[in-house]
$ cat upload03.tsv   # TSV, C-alpha atoms
chain	number	residue	atom	x	y	z
A	1	MET	CA	-95.29	-32.60	-61.64
A	2	ALA	CA	-98.36	-30.85	-62.91
A	3	ARG	CA	-101.32	-33.16	-62.81
A	4	THR	CA	-104.01	-30.70	-63.71
A	5	LEU	CA	-105.94	-30.51	-66.94
A	6	ARG	CA	-106.89	-26.98	-67.82
A	7	PHE	CA	-109.43	-25.66	-70.29
A	8	GLU	CA	-110.03	-21.99	-70.82
A	9	GLY	CA	-112.67	-20.17	-72.81
A	10	LEU	CA	-113.87	-16.61	-73.33
A	11	TYR	CA	-117.65	-16.39	-73.64
A	12	PRO	CA	-119.48	-13.23	-74.76
A	13	TYR	CA	-121.85	-13.21	-71.78
A	14	PRO	CA	-121.62	-11.80	-68.26
A	15	PRO	CA	-120.47	-14.14	-65.46
A	16	GLU	CA	-124.01	-14.38	-64.07
A	17	GLN	CA	-125.25	-16.02	-67.26
A	18	VAL	CA	-122.30	-18.40	-67.47
A	19	TRP	CA	-122.77	-19.18	-63.78
A	20	THR	CA	-126.37	-20.18	-64.45
A	21	ALA	CA	-125.20	-22.52	-67.20
A	22	LEU	CA	-122.87	-24.15	-64.67
A	23	THR	CA	-125.33	-24.41	-61.80
A	24	ASP	CA	-128.82	-24.90	-63.23
A	25	PRO	CA	-129.39	-28.68	-63.47
A	26	ALA	CA	-131.33	-28.40	-66.75
A	27	ALA	CA	-128.70	-26.12	-68.28
A	28	LEU	CA	-125.95	-28.41	-67.04
A	29	ALA	CA	-127.73	-31.41	-68.57
A	30	ASP	CA	-127.93	-29.55	-71.86
A	31	TRP	CA	-124.18	-29.05	-72.24
A	32	LEU	CA	-122.49	-31.50	-69.85
A	33	MET	CA	-124.52	-34.51	-68.66
A	34	PRO	CA	-127.83	-35.36	-67.00
A	35	ASN	CA	-127.45	-34.71	-63.28
A	36	ASP	CA	-129.09	-33.93	-59.95
A	37	PHE	CA	-126.83	-31.01	-59.11
A	38	ALA	CA	-127.98	-28.37	-56.66
A	39	PRO	CA	-126.02	-25.22	-55.81
A	40	ALA	CA	-125.40	-26.06	-52.14
A	41	LEU	CA	-122.12	-26.77	-50.39
A	42	GLY	CA	-121.86	-30.44	-49.48
A	43	HIS	CA	-124.60	-31.48	-51.91
A	44	LEU	CA	-124.01	-35.01	-53.22
A	45	PHE	CA	-124.99	-35.62	-56.81
A	46	THR	CA	-124.24	-37.68	-59.90
A	47	PHE	CA	-123.71	-37.16	-63.57
A	48	ARG	CA	-125.01	-40.01	-65.68
A	49	THR	CA	-123.94	-40.89	-69.16
A	50	LYS	CA	-123.56	-43.91	-71.43
A	51	PRO	CA	-121.49	-46.67	-69.82
A	52	ALA	CA	-118.21	-47.56	-71.51
A	53	PRO	CA	-115.66	-50.31	-70.86
A	54	GLY	CA	-114.28	-49.70	-67.36
A	55	PHE	CA	-116.82	-46.98	-66.65
A	56	ASP	CA	-120.39	-47.57	-65.44
A	57	GLY	CA	-121.44	-44.17	-66.77
A	58	ILE	CA	-121.91	-42.63	-63.32
A	59	VAL	CA	-119.78	-39.80	-61.96
A	60	GLN	CA	-120.13	-39.29	-58.19
A	61	CYS	CA	-119.76	-35.69	-57.07
A	62	GLU	CA	-119.92	-33.45	-54.03
A	63	VAL	CA	-120.04	-29.67	-54.13
A	64	ILE	CA	-116.97	-28.42	-52.26
A	65	GLU	CA	-116.68	-24.77	-53.32
A	66	LEU	CA	-119.49	-22.40	-54.16
A	67	GLU	CA	-118.92	-18.69	-54.57
A	68	GLU	CA	-121.48	-17.14	-56.91
A	69	PRO	CA	-120.69	-16.14	-59.61
A	70	ALA	CA	-116.93	-16.64	-59.44
A	71	ARG	CA	-115.98	-20.08	-58.25
A	72	LEU	CA	-117.45	-23.58	-58.23
A	73	ALA	CA	-115.80	-26.91	-57.46
A	74	TYR	CA	-116.98	-30.46	-57.02
A	75	SER	CA	-115.35	-33.83	-56.60
A	76	TRP	CA	-115.48	-36.01	-59.73
A	77	LYS	CA	-115.22	-39.74	-59.10
A	78	GLY	CA	-115.90	-42.52	-61.58
A	79	GLY	CA	-114.32	-44.55	-64.34
A	80	GLY	CA	-111.12	-44.97	-62.32
A	81	LEU	CA	-110.84	-41.25	-61.60
A	82	ASP	CA	-110.87	-39.57	-58.20
A	83	THR	CA	-110.47	-35.93	-59.12
A	84	ILE	CA	-111.67	-32.39	-58.46
A	85	VAL	CA	-113.28	-30.21	-61.11
A	86	ARG	CA	-113.03	-26.49	-60.44
A	87	TYR	CA	-114.45	-23.61	-62.45
A	88	THR	CA	-113.41	-20.01	-62.06
A	89	LEU	CA	-115.24	-17.18	-63.78
A	90	ALA	CA	-113.92	-13.67	-64.28
A	91	ALA	CA	-115.53	-10.75	-66.07
A	92	GLU	CA	-113.50	-9.29	-68.95
A	93	GLY	CA	-115.45	-6.33	-70.22
A	94	ALA	CA	-118.79	-7.74	-71.32
A	95	ASN	CA	-117.30	-11.23	-71.54
A	96	THR	CA	-116.56	-14.02	-69.11
A	97	ARG	CA	-113.30	-15.88	-68.96
A	98	LEU	CA	-114.08	-19.39	-67.80
A	99	VAL	CA	-111.30	-21.66	-66.59
A	100	MET	CA	-111.93	-25.30	-65.80
A	101	GLU	CA	-109.25	-27.25	-63.99
A	102	GLN	CA	-109.48	-30.95	-63.28
A	103	SER	CA	-106.89	-32.03	-60.72
A	104	GLY	CA	-105.94	-35.09	-58.71
A	105	PHE	CA	-105.00	-37.54	-61.46
A	106	THR	CA	-102.82	-40.34	-60.12
A	107	GLY	CA	-100.70	-43.15	-61.49
A	108	LEU	CA	-100.09	-43.40	-65.19
A	109	LYS	CA	-103.03	-41.12	-65.93
A	110	GLY	CA	-101.49	-38.49	-63.71
A	111	PHE	CA	-98.19	-38.99	-65.40
A	112	MET	CA	-99.71	-38.52	-68.85
A	113	VAL	CA	-101.57	-35.41	-67.72
A	114	SER	CA	-98.39	-33.99	-66.22
A	115	LYS	CA	-96.46	-34.64	-69.42
A	116	LEU	CA	-99.14	-33.24	-71.68
A	117	LEU	CA	-97.49	-29.85	-71.86
A	118	GLY	CA	-93.96	-31.12	-71.46
A	119	ARG	CA	-91.42	-31.17	-74.22
A	120	GLY	CA	-89.37	-34.05	-75.47
A	121	TRP	CA	-92.07	-36.64	-74.85
A	122	LYS	CA	-94.07	-36.00	-77.94
A	123	ARG	CA	-92.22	-38.26	-80.28
A	124	MET	CA	-92.02	-41.09	-77.81
A	125	ILE	CA	-95.69	-41.71	-77.91
A	126	HIS	CA	-95.71	-41.56	-81.68
A	127	GLU	CA	-97.46	-38.21	-82.10
A	128	ARG	CA	-100.69	-39.33	-80.45
A	129	LEU	CA	-100.56	-36.98	-77.51
A	130	PRO	CA	-99.51	-33.89	-79.47
A	131	ALA	CA	-102.38	-34.60	-81.85
A	132	ALA	CA	-104.79	-34.50	-78.93
A	133	ALA	CA	-103.19	-31.39	-77.50
A	134	GLY	CA	-103.24	-29.76	-80.93
A	135	ARG	CA	-106.97	-30.27	-81.32
A	136	VAL	CA	-107.67	-28.71	-77.98
A	137	ALA	CA	-105.33	-25.82	-78.61
A	138	ASP	CA	-107.10	-25.13	-81.88
A	139	GLY	CA	-109.85	-22.71	-80.98
A	140	ARG	CA	-110.89	-21.49	-77.59
A	141	TYR	CA	-109.64	-24.29	-75.41
A	142	THR	CA	-106.01	-23.50	-75.03
A	143	PRO	CA	-104.01	-25.29	-72.39
A	144	ASP	CA	-101.68	-22.63	-71.09
A	145	PRO	CA	-98.15	-23.92	-70.46
A	146	ASP	CA	-97.38	-20.88	-68.31
A	147	ALA	CA	-100.46	-21.15	-66.15
A	148	PRO	CA	-99.82	-21.61	-62.45
A	149	ALA	CA	-102.02	-24.71	-62.56
A	150	SER	CA	-99.52	-26.47	-64.75
A	151	GLN	CA	-96.71	-25.78	-62.34
A	152	CYS	CA	-97.95	-25.99	-58.80
A	153	HIS	CA	-99.54	-29.42	-58.56
A	154	SER	CA	-97.58	-32.55	-57.86
B	1	MET	CA	-106.19	-48.09	-69.14
B	2	THR	CA	-109.24	-48.97	-67.15
B	3	GLY	CA	-108.97	-52.74	-67.09
B	4	ASN	CA	-105.37	-53.50	-66.20
B	5	ASP	CA	-104.21	-51.78	-63.06
B	6	ALA	CA	-101.30	-54.17	-62.52
B	7	THR	CA	-99.69	-53.23	-65.81
B	8	GLU	CA	-100.51	-49.60	-65.25
B	9	ASN	CA	-98.82	-49.61	-61.85
B	10	GLU	CA	-95.77	-51.40	-63.21
B	11	VAL	CA	-95.46	-48.86	-65.99
B	12	PHE	CA	-95.93	-45.99	-63.59
B	13	ARG	CA	-93.29	-47.37	-61.24
B	14	ALA	CA	-90.90	-47.63	-64.16
B	15	LEU	CA	-91.63	-44.02	-65.08
B	16	ALA	CA	-91.23	-42.74	-61.53
B	17	ASP	CA	-87.44	-42.51	-61.78
B	18	PRO	CA	-85.90	-39.48	-63.52
B	19	ASN	CA	-83.04	-41.52	-64.98
B	20	ARG	CA	-85.50	-43.95	-66.51
B	21	ARG	CA	-87.54	-41.12	-67.94
B	22	ALA	CA	-84.38	-39.65	-69.40
B	23	LEU	CA	-83.56	-43.04	-70.95
B	24	LEU	CA	-86.98	-43.15	-72.59
B	25	SER	CA	-86.54	-39.63	-73.91
B	26	ILE	CA	-83.21	-40.54	-75.44
B	27	LEU	CA	-84.62	-43.75	-76.93
B	28	GLY	CA	-87.42	-41.63	-78.38
B	29	GLU	CA	-84.76	-40.30	-80.76
B	30	GLY	CA	-83.97	-43.84	-81.93
B	31	ALA	CA	-82.63	-47.21	-80.79
B	32	GLN	CA	-79.24	-47.16	-79.07
B	33	PRO	CA	-76.66	-49.61	-77.77
B	34	VAL	CA	-76.31	-49.67	-73.99
B	35	THR	CA	-72.77	-48.30	-74.20
B	36	ALA	CA	-73.96	-45.16	-75.99
B	37	LEU	CA	-76.78	-44.74	-73.48
B	38	ALA	CA	-74.43	-45.10	-70.54
B	39	GLY	CA	-72.14	-42.46	-72.04
B	40	ARG	CA	-74.88	-39.88	-71.60
B	41	PHE	CA	-75.36	-40.49	-67.88
B	42	GLU	CA	-73.26	-39.75	-64.87
B	43	ILE	CA	-74.36	-42.97	-63.21
B	44	SER	CA	-72.41	-46.18	-63.88
B	45	GLN	CA	-73.13	-48.47	-66.81
B	46	PRO	CA	-74.37	-51.26	-64.46
B	47	ALA	CA	-76.79	-48.72	-62.97
B	48	VAL	CA	-77.97	-47.77	-66.45
B	49	SER	CA	-78.38	-51.47	-67.27
B	50	GLN	CA	-80.45	-51.93	-64.11
B	51	HIS	CA	-82.75	-49.07	-65.12
B	52	LEU	CA	-83.07	-50.59	-68.59
B	53	LYS	CA	-84.07	-53.89	-66.98
B	54	VAL	CA	-86.90	-52.19	-65.06
B	55	LEU	CA	-88.06	-50.48	-68.25
B	56	ARG	CA	-87.90	-53.78	-70.13
B	57	GLU	CA	-89.96	-55.56	-67.47
B	58	ALA	CA	-92.60	-52.85	-67.72
B	59	GLY	CA	-92.71	-53.37	-71.48
B	60	LEU	CA	-91.46	-49.86	-72.20
B	61	VAL	CA	-88.26	-50.86	-73.99
B	62	SER	CA	-87.10	-53.90	-75.95
B	63	GLU	CA	-83.64	-55.36	-76.20
B	64	ARG	CA	-81.87	-57.15	-79.05
B	65	LYS	CA	-78.34	-58.35	-79.44
B	66	ALA	CA	-76.15	-57.12	-82.27
B	67	GLY	CA	-72.77	-58.77	-82.06
B	68	ARG	CA	-71.41	-57.90	-78.63
B	69	ASN	CA	-73.79	-55.02	-78.21
B	70	ARG	CA	-77.24	-54.88	-76.73
B	71	ILE	CA	-79.47	-52.46	-78.61
B	72	TYR	CA	-82.39	-50.90	-76.76
B	73	ALA	CA	-85.48	-49.50	-78.45
B	74	LEU	CA	-88.56	-47.70	-77.22
B	75	GLU	CA	-91.78	-49.72	-77.05
B	76	ALA	CA	-94.56	-47.19	-76.95
B	77	GLY	CA	-97.49	-49.58	-76.37
B	78	PRO	CA	-98.23	-48.92	-72.68
B	79	LEU	CA	-97.75	-45.19	-73.09
B	80	ALA	CA	-99.89	-45.18	-76.22
B	81	LEU	CA	-102.72	-46.74	-74.16
B	82	ALA	CA	-102.36	-43.99	-71.60
B	83	ALA	CA	-102.22	-41.39	-74.34
B	84	GLU	CA	-105.40	-42.79	-75.86
B	85	TRP	CA	-107.15	-42.47	-72.52
B	86	LEU	CA	-105.96	-38.87	-72.20
B	87	GLU	CA	-107.00	-38.10	-75.76
B	88	ARG	CA	-110.51	-39.43	-75.10
B	89	HIS	CA	-110.74	-37.55	-71.83
B	90	MET	CA	-109.66	-34.27	-73.39
B	91	ASP	CA	-112.01	-34.82	-76.32
B	92	PHE	CA	-114.80	-35.25	-73.77
B	93	TRP	CA	-114.15	-31.89	-72.15
B	94	ALA	CA	-113.47	-30.08	-75.44
B	95	SER	CA	-116.80	-31.25	-76.85
B	96	ARG	CA	-118.64	-30.35	-73.63
B	97	PHE	CA	-117.24	-26.82	-73.67
B	98	ASP	CA	-118.29	-26.52	-77.29
B	99	ASN	CA	-121.74	-27.55	-76.04
B	100	LEU	CA	-121.57	-24.84	-73.39
B	101	GLY	CA	-120.91	-22.22	-76.06
B	102	ARG	CA	-123.87	-23.49	-78.05
B	103	HIS	CA	-126.05	-23.62	-74.93
B	104	LEU	CA	-125.28	-19.98	-74.09
B	105	ARG	CA	-125.85	-18.92	-77.68
B	106	ASP	CA	-129.21	-20.73	-77.85
B	107	LYS	CA	-130.31	-19.19	-74.58
B	108	HIS	CA	-129.00	-15.67	-74.93
B	109	GLY	CA	-128.72	-15.34	-78.71
B	110	LYS	CA	-125.20	-14.11	-79.36
B	111	ASP	CA	-122.33	-15.62	-81.26
B	112	ALA	CA	-119.78	-17.27	-79.04

$ encode --input "upload03.tsv" --output "structure tokens"
Amino acid sequence: MARTLRFEGLYPYPPEQVWTALTDPAALADWLMPNDFAPALGHLFTFRTKPAPGFDGIVQCEVIELEEPARLAYSWKGGGLDTIVRYTLAAEGANTRLVMEQSGFTGLKGFMVSKLLGRGWKRMIHERLPAAAGRVADGRYTPDPDAPASQCHS
Amino acid sequence: MTGNDATENEVFRALADPNRRALLSILGEGAQPVTALAGRFEISQPAVSQHLKVLREAGLVSERKAGRNRIYALEAGPLALAAEWLERHMDFWASRFDNLGRHLRDKHGKDA
């Protein structure tokens, strides 16, 4: 079963600029969350945001892949999740295709993630999940049902 | 989703079996008597009944009697909770990637 969430976007900037947005702590704070990231393999850091029920607002991370300006991955643990977030960047002309994949969901969460792109389950959860998927598919963030990521994780 | 691991595990265990998932899919089309459900499986009716029992204990289906029949219906509550979690989580990432587009635009001055 696929247990990977995938977001994909095409940004009209070269990979180096997108890479900076992913790896400069101030830039990262501007679009993602306040953090003490550093671009170094094995670096331990946190993202901090507003606590919510069942989530103390802290995401614990460790840099596990770093390949400028093409590939970045860190662990992502917090709020009941123990996952990996991986970014891949590829130049397309003057643009950058950015793919983010979050993998490692377990239990019922993993099940829901794996069924996100499946068929036949939409009605059974009373249209809630398709509504969520529809919003994401509307615009640049299109989960790709044919992507290898949705087929090779179990 | 975050506060009740016992229920979550029970639901997940119920969902782990392909026959039980198939039962839920069929019940997603509407409530059915157990005899009609069993007719769509190659496994025996007692086996289907056993799967329905596991689903019922996880709160995923309900049972009512109609004459000599037992009618099963989908109860979407536990799955709806999981779907809500997933919806929130996907909203989180979607909004952050919108932020990333804005961040790049602010910094480098082009339309995303």

$ closest_residue --input "upload03.tsv" --among "B:Phe12, B:Trp85, B:Tyr72, B:Trp93" --to "Thr35 in chain B" --atoms "all atoms listed in the file"
B:Tyr72

$ residues_around --input "upload03.tsv" --residues "Tyr11 in chain A" --least-positions-apart "2" --cutoff "9 Å" --atoms "only C-alpha atoms" --output "ChimeraX atom specification"
/A:9,13-15,18,95-98 /B:101,104,111-112

$ atom_distance --input "upload03.tsv" --atom1 "CA of Arg20 in chain B" --atom2 "CA of Thr4 in chain A"
22.9 Å

$ closest_residue --input "upload03.tsv" --among "A:Asp30, A:Asp56, A:Asp24, A:Glu101" --to "chain B" --atoms "all atoms listed in the file"
A:Asp30

$ interface_residues --input "upload03.tsv" --of "chain B" --to "chain A" --cutoff "9 Å" --atoms "only C-alpha atoms" --output "ChimeraX atom specification"
/B:1-3,8-9,11-13,15-16,24-29,74-77,79-80,82-88,90-91,93-104,108,110-112

$ residues_around --input "upload03.tsv" --residues "Arg70 in chain B" --least-positions-apart "2" --cutoff "12 Å" --atoms "only C-alpha atoms" --output "list in words"
Ala31, Gln32, Pro33, Val34, Thr35, Ala36, Leu37, Ala38, Ser49, Leu52, Lys53, Ser62, Glu63, Arg64, Lys65, Ala66, Gly67, Arg68, Tyr72 and Ala73 of chain B

$ atom_distance --input "upload03.tsv" --atom1 "CA of Arg21 in chain B" --atom2 "CA of His51 in chain B"
9.7 Å

$ atom_distance --input "upload03.tsv" --atom1 "CA of Tyr74 in chain A" --atom2 "CA of Arg48 in chain A"
15.2 Å

$ closest_residue --input "upload03.tsv" --among "B:Val54, B:Asn19, B:Gly30, B:Pro78" --to "Glu42 in chain B" --atoms "all atoms listed in the file"
B:Asn19
